[in-house]
$ cat upload-v9.cif   # mmCIF, C-alpha atoms
data_entry
#
loop_
_atom_site.label_atom_id
_atom_site.label_comp_id
_atom_site.auth_asym_id
_atom_site.auth_seq_id
_atom_site.Cartn_x
_atom_site.Cartn_y
_atom_site.Cartn_z
CA MET F 15 -7.10 172.01 25.65
CA LYS F 16 -7.90 168.52 24.41
CA GLU F 17 -9.57 166.17 26.88
CA LYS F 18 -8.28 162.67 27.51
CA TYR F 19 -9.95 159.74 25.77
CA ALA F 20 -9.87 155.96 25.88
CA VAL F 21 -9.85 154.31 22.45
CA ILE F 22 -11.47 150.87 22.17
CA THR F 23 -11.51 148.74 19.03
CA GLY F 24 -14.15 146.05 18.50
CA ALA F 25 -16.40 148.12 20.75
CA SER F 26 -19.86 147.25 19.40
CA GLN F 27 -20.38 144.03 21.37
CA GLY F 28 -18.92 141.52 23.78
CA LEU F 29 -15.74 142.42 25.62
CA GLY F 30 -15.24 145.70 23.74
CA TYR F 31 -18.66 146.98 24.75
CA ALA F 32 -18.03 145.81 28.32
CA PHE F 33 -14.76 147.76 28.34
CA ALA F 34 -16.62 150.84 27.13
CA LYS F 35 -19.18 150.67 29.93
CA GLU F 36 -16.53 149.95 32.56
CA LEU F 37 -14.41 152.97 31.58
CA ALA F 38 -17.45 155.22 31.15
CA ALA F 39 -18.51 154.31 34.69
CA GLN F 40 -15.13 155.68 35.76
CA LYS F 41 -15.96 158.94 33.95
CA LEU F 42 -13.53 158.48 31.08
CA ASN F 43 -14.38 159.86 27.64
CA LEU F 44 -14.42 157.27 24.87
CA VAL F 45 -13.70 156.74 21.20
CA LEU F 46 -15.44 153.55 20.05
CA ILE F 47 -14.19 151.75 16.93
CA SER F 48 -16.12 149.04 15.11
CA LEU F 49 -17.18 147.73 11.71
CA PRO F 50 -19.89 149.63 9.82
CA GLY F 51 -23.41 148.36 10.35
CA GLN F 52 -22.95 147.47 14.03
CA ASP F 53 -25.34 150.13 15.40
CA LEU F 54 -22.37 151.93 16.95
CA CYS F 55 -24.05 155.34 16.90
CA ARG F 56 -26.88 154.13 19.13
CA LEU F 57 -24.45 152.42 21.52
CA ALA F 58 -22.36 155.58 21.76
CA LEU F 59 -25.41 157.70 22.56
CA CYS F 60 -26.61 155.16 25.12
CA ILE F 61 -23.27 155.14 26.96
CA SER F 62 -23.00 158.94 26.81
CA ASP F 63 -26.49 159.44 28.24
CA THR F 64 -26.12 156.73 30.90
CA TYR F 65 -22.70 157.71 32.24
CA ASN F 66 -22.59 161.41 31.31
CA VAL F 67 -19.30 161.21 29.39
CA LYS F 68 -18.28 162.22 25.88
CA VAL F 69 -18.39 159.34 23.42
CA ARG F 70 -17.17 159.56 19.84
CA TYR F 71 -17.26 156.71 17.35
CA TYR F 72 -15.59 155.65 14.10
CA GLU F 73 -16.76 152.86 11.81
CA THR F 74 -14.19 151.10 9.65
CA ASP F 75 -12.88 147.70 8.57
CA LEU F 76 -9.54 147.15 10.32
CA SER F 77 -8.60 144.31 7.97
CA VAL F 78 -7.71 147.00 5.39
CA LYS F 79 -4.35 148.64 6.18
CA GLU F 80 -5.29 152.00 4.66
CA ASN F 81 -8.34 152.17 6.92
CA VAL F 82 -6.13 151.67 9.97
CA ILE F 83 -3.79 154.48 8.91
CA ASN F 84 -6.72 156.83 8.24
CA LEU F 85 -8.19 156.01 11.64
CA CYS F 86 -4.88 156.77 13.37
CA GLU F 87 -4.54 160.09 11.58
CA TRP F 88 -8.02 161.09 12.73
CA LEU F 89 -7.35 160.02 16.33
CA ASN F 90 -4.02 161.82 16.53
CA ARG F 91 -5.50 164.99 15.06
CA TYR F 92 -8.43 165.35 17.44
CA PHE F 93 -7.73 163.44 20.67
CA ASN F 94 -5.34 163.12 23.58
CA ILE F 95 -5.24 159.36 24.05
CA TYR F 96 -5.02 158.16 27.64
CA ILE F 97 -5.87 154.49 27.04
CA LEU F 98 -5.67 152.31 23.93
CA ILE F 99 -7.46 148.96 24.08
CA ASN F 100 -6.71 146.73 21.10
CA ASN F 101 -9.68 144.43 21.48
CA ALA F 102 -10.79 143.84 17.87
CA GLY F 103 -10.05 140.31 16.76
CA LEU F 104 -11.20 137.60 14.39
CA GLY F 105 -11.26 133.85 14.85
CA GLY F 106 -13.34 130.88 13.83
CA THR F 107 -13.09 127.15 13.38
CA GLN F 108 -12.44 125.58 9.98
CA LYS F 109 -10.35 122.92 8.34
CA PHE F 110 -7.34 124.74 6.98
CA THR F 111 -7.91 123.20 3.55
CA ASP F 112 -11.48 124.56 3.53
CA ALA F 113 -10.51 128.06 4.62
CA SER F 114 -10.65 130.83 2.04
CA VAL F 115 -7.83 133.26 1.35
CA GLN F 116 -10.02 136.05 2.71
CA TYR F 117 -10.63 134.12 5.96
CA ILE F 118 -6.90 133.59 6.57
CA ASN F 119 -5.91 137.11 5.52
CA SER F 120 -8.61 138.80 7.63
CA ILE F 121 -7.48 137.05 10.83
CA ILE F 122 -3.87 138.07 10.27
CA GLN F 123 -4.72 141.63 9.20
CA VAL F 124 -7.03 142.36 12.16
CA ASN F 125 -5.29 140.40 14.92
CA VAL F 126 -1.67 141.04 13.99
CA VAL F 127 -1.31 143.93 11.53
CA ALA F 128 -4.04 146.27 12.82
CA THR F 129 -2.96 145.83 16.45
CA SER F 130 0.67 146.50 15.55
CA LEU F 131 -0.07 149.53 13.37
CA LEU F 132 -2.56 151.10 15.77
CA THR F 133 -0.08 150.79 18.60
CA HIS F 134 2.78 152.12 16.49
CA GLN F 135 0.87 155.10 15.09
CA LEU F 136 -0.78 156.11 18.38
CA LEU F 137 2.22 155.56 20.64
CA PRO F 138 3.66 159.10 20.18
CA ASN F 139 0.27 160.46 21.30
CA LEU F 140 0.27 158.19 24.35
CA LEU F 141 3.85 159.13 25.22
CA LYS F 142 2.85 162.80 25.40
CA GLN F 143 0.59 162.05 28.36
CA PRO F 144 1.99 162.05 31.93
CA GLN F 145 0.55 158.52 32.28
CA ALA F 146 -1.04 156.32 29.63
CA TYR F 147 -2.03 152.71 29.12
CA ILE F 148 -2.16 150.12 26.33
CA LEU F 149 -4.17 146.93 26.80
CA ASN F 150 -3.88 144.24 24.14
CA VAL F 151 -6.41 141.40 24.16
CA SER F 152 -4.73 138.07 23.46
CA SER F 153 -6.21 134.68 24.39
CA MET F 154 -5.58 131.47 26.27
CA ALA F 155 -5.10 130.06 22.78
CA ALA F 156 -1.79 131.94 22.72
CA PHE F 157 -0.28 129.17 24.86
CA SER F 158 -0.88 126.26 22.50
CA PRO F 159 -1.33 125.53 18.81
CA ILE F 160 -4.79 124.13 18.01
CA GLY F 161 -5.90 122.14 15.00
CA TYR F 162 -8.91 123.44 13.08
CA LYS F 163 -8.04 126.94 14.28
CA THR F 164 -4.39 127.03 13.14
CA VAL F 165 -4.07 130.73 12.25
CA TYR F 166 -5.99 132.16 15.25
CA PRO F 167 -3.77 130.77 18.06
CA ALA F 168 -0.68 131.79 16.09
CA SER F 169 -2.01 135.35 15.82
CA LYS F 170 -2.71 135.48 19.56
CA THR F 171 0.76 134.14 20.33
CA PHE F 172 2.05 137.12 18.36
CA ILE F 173 -0.09 139.52 20.42
CA HIS F 174 1.21 138.10 23.69
CA SER F 175 4.86 138.23 22.60
CA PHE F 176 4.45 141.68 21.02
CA SER F 177 2.90 143.06 24.21
CA ARG F 178 5.56 141.66 26.51
CA GLY F 179 8.37 142.97 24.32
CA LEU F 180 6.83 146.44 24.00
CA SER F 181 6.17 146.55 27.74
CA GLU F 182 9.85 145.95 28.43
CA GLU F 183 10.86 148.54 25.85
CA LEU F 184 8.61 151.20 27.42
CA LYS F 185 9.15 150.34 31.09
CA ASN F 186 10.99 153.61 31.79
CA THR F 187 8.30 155.76 30.17
CA GLY F 188 4.83 156.81 31.30
CA VAL F 189 3.13 154.22 29.07
CA VAL F 190 2.12 150.91 30.65
CA VAL F 191 1.60 148.00 28.24
CA SER F 192 -0.52 145.08 29.45
CA VAL F 193 -1.83 141.95 27.80
CA VAL F 194 -4.83 139.89 28.86
CA ASN F 195 -5.33 136.25 27.93
CA PRO F 196 -8.99 135.44 28.54
CA GLY F 197 -10.62 132.15 27.71
CA ALA F 198 -13.91 131.64 25.91
CA MET F 199 -16.43 134.43 26.44
CA ALA F 200 -20.11 134.88 25.71
CA THR F 201 -19.36 137.68 23.24
CA ASN F 202 -22.05 136.98 20.63
CA GLU F 203 -24.59 134.38 19.58
CA GLU F 204 -22.25 132.60 17.16
CA VAL F 205 -19.53 132.16 19.78
CA CYS F 206 -22.03 130.86 22.35
CA LYS F 207 -23.30 128.26 19.88
CA ARG F 208 -19.75 127.03 19.19
CA ILE F 209 -18.95 126.80 22.90
CA LYS F 210 -22.12 124.84 23.67
CA LYS F 211 -20.96 122.18 21.22
CA LEU F 212 -17.96 121.58 23.50
CA GLY F 213 -20.27 120.26 26.21
CA TYR F 214 -19.87 120.63 29.96
CA ILE F 215 -16.21 121.72 29.87
CA GLY F 216 -16.97 124.49 27.41
CA ARG F 217 -19.85 125.85 29.49
CA LEU F 218 -17.87 125.54 32.71
CA THR F 219 -14.99 127.70 31.44
CA LEU F 220 -17.24 130.28 29.75
CA LEU F 221 -16.52 133.82 30.96
CA GLN F 222 -18.83 136.82 31.11
CA PRO F 223 -17.45 139.92 29.31
CA GLU F 224 -18.49 142.31 32.10
CA LYS F 225 -16.48 140.42 34.72
CA VAL F 226 -13.47 140.15 32.42
CA ALA F 227 -13.60 143.86 31.59
CA GLY F 228 -13.84 144.86 35.24
CA ARG F 229 -10.87 142.76 36.25
CA CYS F 230 -8.81 143.90 33.28
CA ILE F 231 -9.29 147.60 34.00
CA ARG F 232 -8.49 147.16 37.69
CA GLN F 233 -5.29 145.28 36.89
CA LEU F 234 -4.38 147.68 34.10
CA PHE F 235 -4.44 150.65 36.48
CA ARG F 236 -2.35 148.62 38.90
CA LYS F 237 0.22 148.33 36.10
CA ASP F 238 -0.05 144.55 35.91
CA ARG F 239 1.75 143.66 32.66
CA VAL F 240 0.16 140.22 32.24
CA ILE F 241 -3.49 139.93 33.25
CA MET F 242 -4.95 136.49 33.86
CA VAL F 243 -8.71 136.40 34.39
CA ASN F 244 -8.81 132.61 34.76
CA PRO F 245 -5.63 131.54 36.62
CA TRP F 246 -6.63 127.86 36.77
CA SER F 247 -6.97 127.60 33.01
CA TRP F 248 -3.67 129.42 32.62
CA LEU F 249 -1.97 127.02 35.05
CA VAL F 250 -3.22 123.99 33.11
CA MET F 251 -2.08 125.50 29.80
CA ALA F 252 1.31 126.41 31.26
CA LEU F 253 2.00 123.04 32.88
CA LEU F 254 0.74 120.65 30.23
CA PRO F 255 3.34 119.79 27.57
CA VAL F 256 2.31 120.57 24.02
CA TRP F 257 2.19 116.90 23.02
CA ILE F 258 -0.67 116.48 25.50
CA LYS F 259 -2.62 119.72 25.18
CA LEU F 260 -2.41 119.97 21.36
CA PRO F 261 -4.37 116.76 20.62
CA LEU F 262 -6.76 117.37 23.53
CA LEU F 263 -7.61 120.89 22.41
CA THR F 264 -7.85 119.84 18.77
CA TYR F 265 -10.22 116.98 19.67
CA ASN F 266 -12.55 119.37 21.52
CA ILE F 267 -12.38 122.12 18.91
CA LYS F 268 -13.19 119.65 16.13
CA LYS F 269 -16.64 119.26 17.72
CA GLU F 270 -17.44 122.81 16.61
CA ILE F 271 -17.42 121.80 12.94
CA GLN F 272 -19.16 118.44 13.34
#

$ encode --input "upload-v9.cif" --output "structure tokens"
Amino acid sequence: MKEKYAVITGASQGLGYAFAKELAAQKLNLVLISLPGQDLCRLALCISDTYNVKVRYYETDLSVKENVINLCEWLNRYFNIYILINNAGLGGTQKFTDASVQYINSIIQVNVVATSLLTHQLLPNLLKQPQAYILNVSSMAAFSPIGYKTVYPASKTFIHSFSRGLSEELKNTGVVVSVVNPGAMATNEEVCKRIKKLGYIGRLTLLQPEKVAGRCIRQLFRKDRVIMVNPWSWLVMALLPVWIKLPLLTYNIKKEIQ
């Protein structure tokens, strides 16, 4: 009989790795997904040895649709999926006119297409379980357009809307769909450098992946459909009209490329 596994994309660092450790601490077996060359084998062995759980891993580029389909076929063939965490995502800060076709396409393919296809292809597997969970990682950027990011907030708006719609569609099944909208996190060195350029406000709102992961998993198991790890930031984003927050956010984000 197949054992139950939690599948985590973008699992080699930052929030994805924090999710992996949080779930392993709760004695859940894992399938970690990440790009090749991210030392995923070592991380999988480390988590397995530390928490005494089974950890499998799969390295692939989720910006390529065929890779996503191949991954799903492998997962459905060998695993009973208890939790799917769509954490993999791409962002960045550039003038839209300076952005390459690859830059724009990669954000859309990973953030929008891969998340949608993974969920679609793995959902029959999840529905076979008495209880299962999907957690999609959106962003506070989902609540406002932002200049010099342009495509990224739009992709995260999609994730938020997609998650809410799917949650409603599946509310009478055993699959719970949740979405989390975290703010800036210390996920890697590049992100930390960009945030430091924002000054005091950027450092003040910076979140630690371990705390975000812990709160997300607690709220996920409580069947909270929308998870807010920073309610004050969410309140500001919700209350401010777009004609105020759009220029303010754009002004601050522009500092990242100066």

$ closest_atom_pairs --input "upload-v9.cif" --of "segment 71-177 of chain F" --to "segment 256-261 of chain F" --cutoff "9 Å" --atoms "only C-alpha atoms" --output "Markdown table"
| residue | atom | partner | partner_atom | distance |
| --- | --- | --- | --- | --- |
| F:Ser158 | CA | F:Leu260 | CA | 6.6 |
| F:Pro159 | CA | F:Leu260 | CA | 6.2 |
| F:Ile160 | CA | F:Leu260 | CA | 5.8 |
| F:Gly161 | CA | F:Leu260 | CA | 7.6 |

$ closest_residue --input "upload-v9.cif" --among "F:Phe235, F:Tyr117, F:Tyr166, F:Tyr19" --to "Asn94 of chain F" --atoms "only C-alpha atoms"
F:Tyr19

$ residues_around --input "upload-v9.cif" --residues "segment 167-180 of chain F" --least-positions-apart "6" --cutoff "7 Å" --atoms "only C-alpha atoms" --output "MDAnalysis selection string"
chainID F and resid 122 125:126 150 152:153 155:160 191:193

$ atom_distance --input "upload-v9.cif" --atom1 "atom CA of Lys185 of chain F" --atom2 "atom CA of Lys79 of chain F"
28.4 Å

$ residues_around --input "upload-v9.cif" --residues "Cys55 of chain F" --least-positions-apart "3" --cutoff "12 Å" --atoms "only C-alpha atoms" --output "ChimeraX atom specification"
/F:25-26,45-52,58-62,69-73

$ resolve_selection --input "upload-v9.cif" --expression "the PyMOL selection byres ((chain F and resi 31) around 10)" --output "list of chain:residue names"
F:Ile22, F:Thr23, F:Gly24, F:Ala25, F:Ser26, F:Gln27, F:Gly28, F:Leu29, F:Gly30, F:Ala32, F:Phe33, F:Ala34, F:Lys35, F:Glu36, F:Leu46, F:Leu54, F:Leu57, F:Ala58, F:Ile61, F:Asn101, F:Thr201, F:Pro223, F:Glu224, F:Ala227

$ write_last_selection --input "upload-v9.cif" --atoms "C-alpha atoms" --output "PDB file, in the frame of the given file"
ATOM      1  CA  ILE F  22     -11.470 150.870  22.170  1.00  0.00           C
ATOM      2  CA  THR F  23     -11.510 148.740  19.030  1.00  0.00           C
ATOM      3  CA  GLY F  24     -14.150 146.050  18.500  1.00  0.00           C
ATOM      4  CA  ALA F  25     -16.400 148.120  20.750  1.00  0.00           C
ATOM      5  CA  SER F  26     -19.860 147.250  19.400  1.00  0.00           C
ATOM      6  CA  GLN F  27     -20.380 144.030  21.370  1.00  0.00           C
ATOM      7  CA  GLY F  28     -18.920 141.520  23.780  1.00  0.00           C
ATOM      8  CA  LEU F  29     -15.740 142.420  25.620  1.00  0.00           C
ATOM      9  CA  GLY F  30     -15.240 145.700  23.740  1.00  0.00           C
ATOM     10  CA  ALA F  32     -18.030 145.810  28.320  1.00  0.00           C
ATOM     11  CA  PHE F  33     -14.760 147.760  28.340  1.00  0.00           C
ATOM     12  CA  ALA F  34     -16.620 150.840  27.130  1.00  0.00           C
ATOM     13  CA  LYS F  35     -19.180 150.670  29.930  1.00  0.00           C
ATOM     14  CA  GLU F  36     -16.530 149.950  32.560  1.00  0.00           C
ATOM     15  CA  LEU F  46     -15.440 153.550  20.050  1.00  0.00           C
ATOM     16  CA  LEU F  54     -22.370 151.930  16.950  1.00  0.00           C
ATOM     17  CA  LEU F  57     -24.450 152.420  21.520  1.00  0.00           C
ATOM     18  CA  ALA F  58     -22.360 155.580  21.760  1.00  0.00           C
ATOM     19  CA  ILE F  61     -23.270 155.140  26.960  1.00  0.00           C
ATOM     20  CA  ASN F 101      -9.680 144.430  21.480  1.00  0.00           C
ATOM     21  CA  THR F 201     -19.360 137.680  23.240  1.00  0.00           C
ATOM     22  CA  PRO F 223     -17.450 139.920  29.310  1.00  0.00           C
ATOM     23  CA  GLU F 224     -18.490 142.310  32.100  1.00  0.00           C
ATOM     24  CA  ALA F 227     -13.600 143.860  31.590  1.00  0.00           C
TER      25      ALA F 227
END

$ closest_residue --input "upload-v9.cif" --among "F:Leu89, F:Ala20, F:Ile148, F:Leu249" --to "Val189 of chain F" --atoms "all atoms listed in the file"
F:Ile148

$ closest_residue --input "upload-v9.cif" --among "F:Leu42, F:Val67, F:Val240, F:Ile267" --to "Tyr162 of chain F" --atoms "only C-alpha atoms"
F:Ile267

$ atom_distance --input "upload-v9.cif" --atom1 "atom CA of Leu220 of chain F" --atom2 "atom CA of Pro196 of chain F"
9.8 Å

$ resolve_selection --input "upload-v9.cif" --expression "the PyMOL selection byres ((chain F and resi 96) around 10)" --output "tab-separated table (two decimals) with C-alpha atoms, keeping the file's coordinate frame"
chain	number	residue	atom	x	y	z
F	17	GLU	CA	-9.57	166.17	26.88
F	18	LYS	CA	-8.28	162.67	27.51
F	19	TYR	CA	-9.95	159.74	25.77
F	20	ALA	CA	-9.87	155.96	25.88
F	21	VAL	CA	-9.85	154.31	22.45
F	42	LEU	CA	-13.53	158.48	31.08
F	43	ASN	CA	-14.38	159.86	27.64
F	44	LEU	CA	-14.42	157.27	24.87
F	93	PHE	CA	-7.73	163.44	20.67
F	94	ASN	CA	-5.34	163.12	23.58
F	95	ILE	CA	-5.24	159.36	24.05
F	97	ILE	CA	-5.87	154.49	27.04
F	98	LEU	CA	-5.67	152.31	23.93
F	139	ASN	CA	0.27	160.46	21.30
F	140	LEU	CA	0.27	158.19	24.35
F	141	LEU	CA	3.85	159.13	25.22
F	142	LYS	CA	2.85	162.80	25.40
F	143	GLN	CA	0.59	162.05	28.36
F	144	PRO	CA	1.99	162.05	31.93
F	145	GLN	CA	0.55	158.52	32.28
F	146	ALA	CA	-1.04	156.32	29.63
F	147	TYR	CA	-2.03	152.71	29.12
F	148	ILE	CA	-2.16	150.12	26.33
F	189	VAL	CA	3.13	154.22	29.07

$ atom_distance --input "upload-v9.cif" --atom1 "atom CA of Asp75 of chain F" --atom2 "atom CA of Asn195 of chain F"
23.7 Å

$ resolve_selection --input "upload-v9.cif" --expression "the PyMOL selection byres ((chain F and resi 247) around 12)" --output "PyMOL selection string"
chain F and resi 153-155+157+195-198+215-216+218-221+242-246+248-254+259

$ closest_residue --input "upload-v9.cif" --among "F:Asn66, F:Asp238, F:Cys230, F:Gly105" --to "Gln40 of chain F" --atoms "all atoms listed in the file"
F:Asn66

$ closest_residue --input "upload-v9.cif" --among "F:Leu263, F:Leu76, F:Ile271, F:Ile231" --to "Ser120 of chain F" --atoms "only C-alpha atoms"
F:Leu76

$ closest_residue --input "upload-v9.cif" --among "F:Val226, F:Leu184, F:Asn81, F:Pro255" --to "Met199 of chain F" --atoms "all atoms listed in the file"
F:Val226

$ residues_near_point --input "upload-v9.cif" --point "(-5.7, 141.0, 0.0)" --cutoff "10 Å" --atoms "all atoms listed in the file" --output "list in words"
Ser77, Val78, Lys79, Val115, Gln116, Ile118, Asn119, Ser120 and Gln123 of chain F

$ write_last_selection --input "upload-v9.cif" --atoms "C-alpha atoms" --output "tab-separated table (two decimals), keeping the file's coordinate frame"
chain	number	residue	atom	x	y	z
F	77	SER	CA	-8.60	144.31	7.97
F	78	VAL	CA	-7.71	147.00	5.39
F	79	LYS	CA	-4.35	148.64	6.18
F	115	VAL	CA	-7.83	133.26	1.35
F	116	GLN	CA	-10.02	136.05	2.71
F	118	ILE	CA	-6.90	133.59	6.57
F	119	ASN	CA	-5.91	137.11	5.52
F	120	SER	CA	-8.61	138.80	7.63
F	123	GLN	CA	-4.72	141.63	9.20

$ decode --input "upload-v9.cif" --residues "segment 94-175 of chain F" --atoms "C-alpha atoms" --output "PDB file, in the first residue's frame"
ATOM      1  CA  ASN F  94      -0.396   8.857  -2.776  1.00  0.00           C
ATOM      2  CA  ILE F  95      -0.398  12.634  -2.468  1.00  0.00           C
ATOM      3  CA  TYR F  96      -1.712  14.011   0.811  1.00  0.00           C
ATOM      4  CA  ILE F  97      -0.474  17.602   0.431  1.00  0.00           C
ATOM      5  CA  LEU F  98       0.513  19.643  -2.625  1.00  0.00           C
ATOM      6  CA  ILE F  99       2.363  22.892  -1.974  1.00  0.00           C
ATOM      7  CA  ASN F 100       2.784  25.020  -5.096  1.00  0.00           C
ATOM      8  CA  ASN F 101       5.611  27.175  -3.808  1.00  0.00           C
ATOM      9  CA  ALA F 102       7.880  27.535  -6.862  1.00  0.00           C
ATOM     10  CA  GLY F 103       7.782  31.049  -8.248  1.00  0.00           C
ATOM     11  CA  LEU F 104       9.833  33.575 -10.177  1.00  0.00           C
ATOM     12  CA  GLY F 105       9.979  37.337  -9.824  1.00  0.00           C
ATOM     13  CA  GLY F 106      12.469  40.137 -10.167  1.00  0.00           C
ATOM     14  CA  THR F 107      12.620  43.848 -10.776  1.00  0.00           C
ATOM     15  CA  GLN F 108      13.235  45.296 -14.238  1.00  0.00           C
ATOM     16  CA  LYS F 109      11.986  47.982 -16.552  1.00  0.00           C
ATOM     17  CA  PHE F 110       9.479  46.256 -18.782  1.00  0.00           C
ATOM     18  CA  THR F 111      11.243  47.607 -21.874  1.00  0.00           C
ATOM     19  CA  ASP F 112      14.523  46.061 -20.674  1.00  0.00           C
ATOM     20  CA  ALA F 113      13.020  42.675 -19.870  1.00  0.00           C
ATOM     21  CA  SER F 114      13.825  39.783 -22.185  1.00  0.00           C
ATOM     22  CA  VAL F 115      11.234  37.475 -23.709  1.00  0.00           C
ATOM     23  CA  GLN F 116      12.670  34.641 -21.625  1.00  0.00           C
ATOM     24  CA  TYR F 117      12.302  36.678 -18.408  1.00  0.00           C
ATOM     25  CA  ILE F 118       8.616  37.432 -19.082  1.00  0.00           C
ATOM     26  CA  ASN F 119       7.803  33.928 -20.306  1.00  0.00           C
ATOM     27  CA  SER F 120       9.535  32.203 -17.377  1.00  0.00           C
ATOM     28  CA  ILE F 121       7.536  34.155 -14.784  1.00  0.00           C
ATOM     29  CA  ILE F 122       4.254  33.300 -16.484  1.00  0.00           C
ATOM     30  CA  GLN F 123       5.169  29.658 -17.109  1.00  0.00           C
ATOM     31  CA  VAL F 124       6.319  28.948 -13.533  1.00  0.00           C
ATOM     32  CA  ASN F 125       3.907  31.123 -11.562  1.00  0.00           C
ATOM     33  CA  VAL F 126       0.757  30.627 -13.627  1.00  0.00           C
ATOM     34  CA  VAL F 127       1.039  27.654 -15.990  1.00  0.00           C
ATOM     35  CA  ALA F 128       3.032  25.236 -13.803  1.00  0.00           C
ATOM     36  CA  THR F 129       0.853  25.901 -10.751  1.00  0.00           C
ATOM     37  CA  SER F 130      -2.323  25.377 -12.782  1.00  0.00           C
ATOM     38  CA  LEU F 131      -1.103  22.220 -14.514  1.00  0.00           C
ATOM     39  CA  LEU F 132       0.349  20.630 -11.379  1.00  0.00           C
ATOM     40  CA  THR F 133      -2.902  21.209  -9.546  1.00  0.00           C
ATOM     41  CA  HIS F 134      -4.983  19.927 -12.448  1.00  0.00           C
ATOM     42  CA  GLN F 135      -2.919  16.797 -13.058  1.00  0.00           C
ATOM     43  CA  LEU F 136      -2.516  15.852  -9.381  1.00  0.00           C
ATOM     44  CA  LEU F 137      -6.052  16.664  -8.254  1.00  0.00           C
ATOM     45  CA  PRO F 138      -7.481  13.185  -9.077  1.00  0.00           C
ATOM     46  CA  ASN F 139      -4.752  11.708  -6.861  1.00  0.00           C
ATOM     47  CA  LEU F 140      -5.605  14.114  -4.037  1.00  0.00           C
ATOM     48  CA  LEU F 141      -9.328  13.407  -4.388  1.00  0.00           C
ATOM     49  CA  LYS F 142      -8.690   9.695  -3.787  1.00  0.00           C
ATOM     50  CA  GLN F 143      -7.486  10.468  -0.266  1.00  0.00           C
ATOM     51  CA  PRO F 144      -9.978  10.711   2.636  1.00  0.00           C
ATOM     52  CA  GLN F 145      -8.512  14.164   3.355  1.00  0.00           C
ATOM     53  CA  ALA F 146      -5.994  16.154   1.319  1.00  0.00           C
ATOM     54  CA  TYR F 147      -4.658  19.683   1.070  1.00  0.00           C
ATOM     55  CA  ILE F 148      -3.446  22.125  -1.579  1.00  0.00           C
ATOM     56  CA  LEU F 149      -1.499  25.218  -0.557  1.00  0.00           C
ATOM     57  CA  ASN F 150      -0.715  27.801  -3.233  1.00  0.00           C
ATOM     58  CA  VAL F 151       1.842  30.496  -2.450  1.00  0.00           C
ATOM     59  CA  SER F 152       0.716  33.871  -3.755  1.00  0.00           C
ATOM     60  CA  SER F 153       2.025  37.220  -2.474  1.00  0.00           C
ATOM     61  CA  MET F 154       1.019  40.548  -0.997  1.00  0.00           C
ATOM     62  CA  ALA F 155       1.811  41.816  -4.494  1.00  0.00           C
ATOM     63  CA  ALA F 156      -1.410  40.114  -5.599  1.00  0.00           C
ATOM     64  CA  PHE F 157      -3.352  43.056  -4.150  1.00  0.00           C
ATOM     65  CA  SER F 158      -1.820  45.814  -6.252  1.00  0.00           C
ATOM     66  CA  PRO F 159      -0.132  46.348  -9.607  1.00  0.00           C
ATOM     67  CA  ILE F 160       3.480  47.523  -9.252  1.00  0.00           C
ATOM     68  CA  GLY F 161       5.643  49.311 -11.769  1.00  0.00           C
ATOM     69  CA  TYR F 162       9.031  47.764 -12.545  1.00  0.00           C
ATOM     70  CA  LYS F 163       7.586  44.375 -11.607  1.00  0.00           C
ATOM     71  CA  THR F 164       4.516  44.422 -13.895  1.00  0.00           C
ATOM     72  CA  VAL F 165       4.271  40.707 -14.736  1.00  0.00           C
ATOM     73  CA  TYR F 166       4.992  39.322 -11.240  1.00  0.00           C
ATOM     74  CA  PRO F 167       2.064  40.956  -9.359  1.00  0.00           C
ATOM     75  CA  ALA F 168      -0.264  40.012 -12.215  1.00  0.00           C
ATOM     76  CA  SER F 169       0.844  36.376 -11.936  1.00  0.00           C
ATOM     77  CA  LYS F 170       0.271  36.382  -8.176  1.00  0.00           C
ATOM     78  CA  THR F 171      -3.173  37.934  -8.634  1.00  0.00           C
ATOM     79  CA  PHE F 172      -3.931  34.945 -10.841  1.00  0.00           C
ATOM     80  CA  ILE F 173      -2.750  32.529  -8.127  1.00  0.00           C
ATOM     81  CA  HIS F 174      -4.964  34.174  -5.513  1.00  0.00           C
ATOM     82  CA  SER F 175      -8.045  34.185  -7.742  1.00  0.00           C
TER      83      SER F 175
END
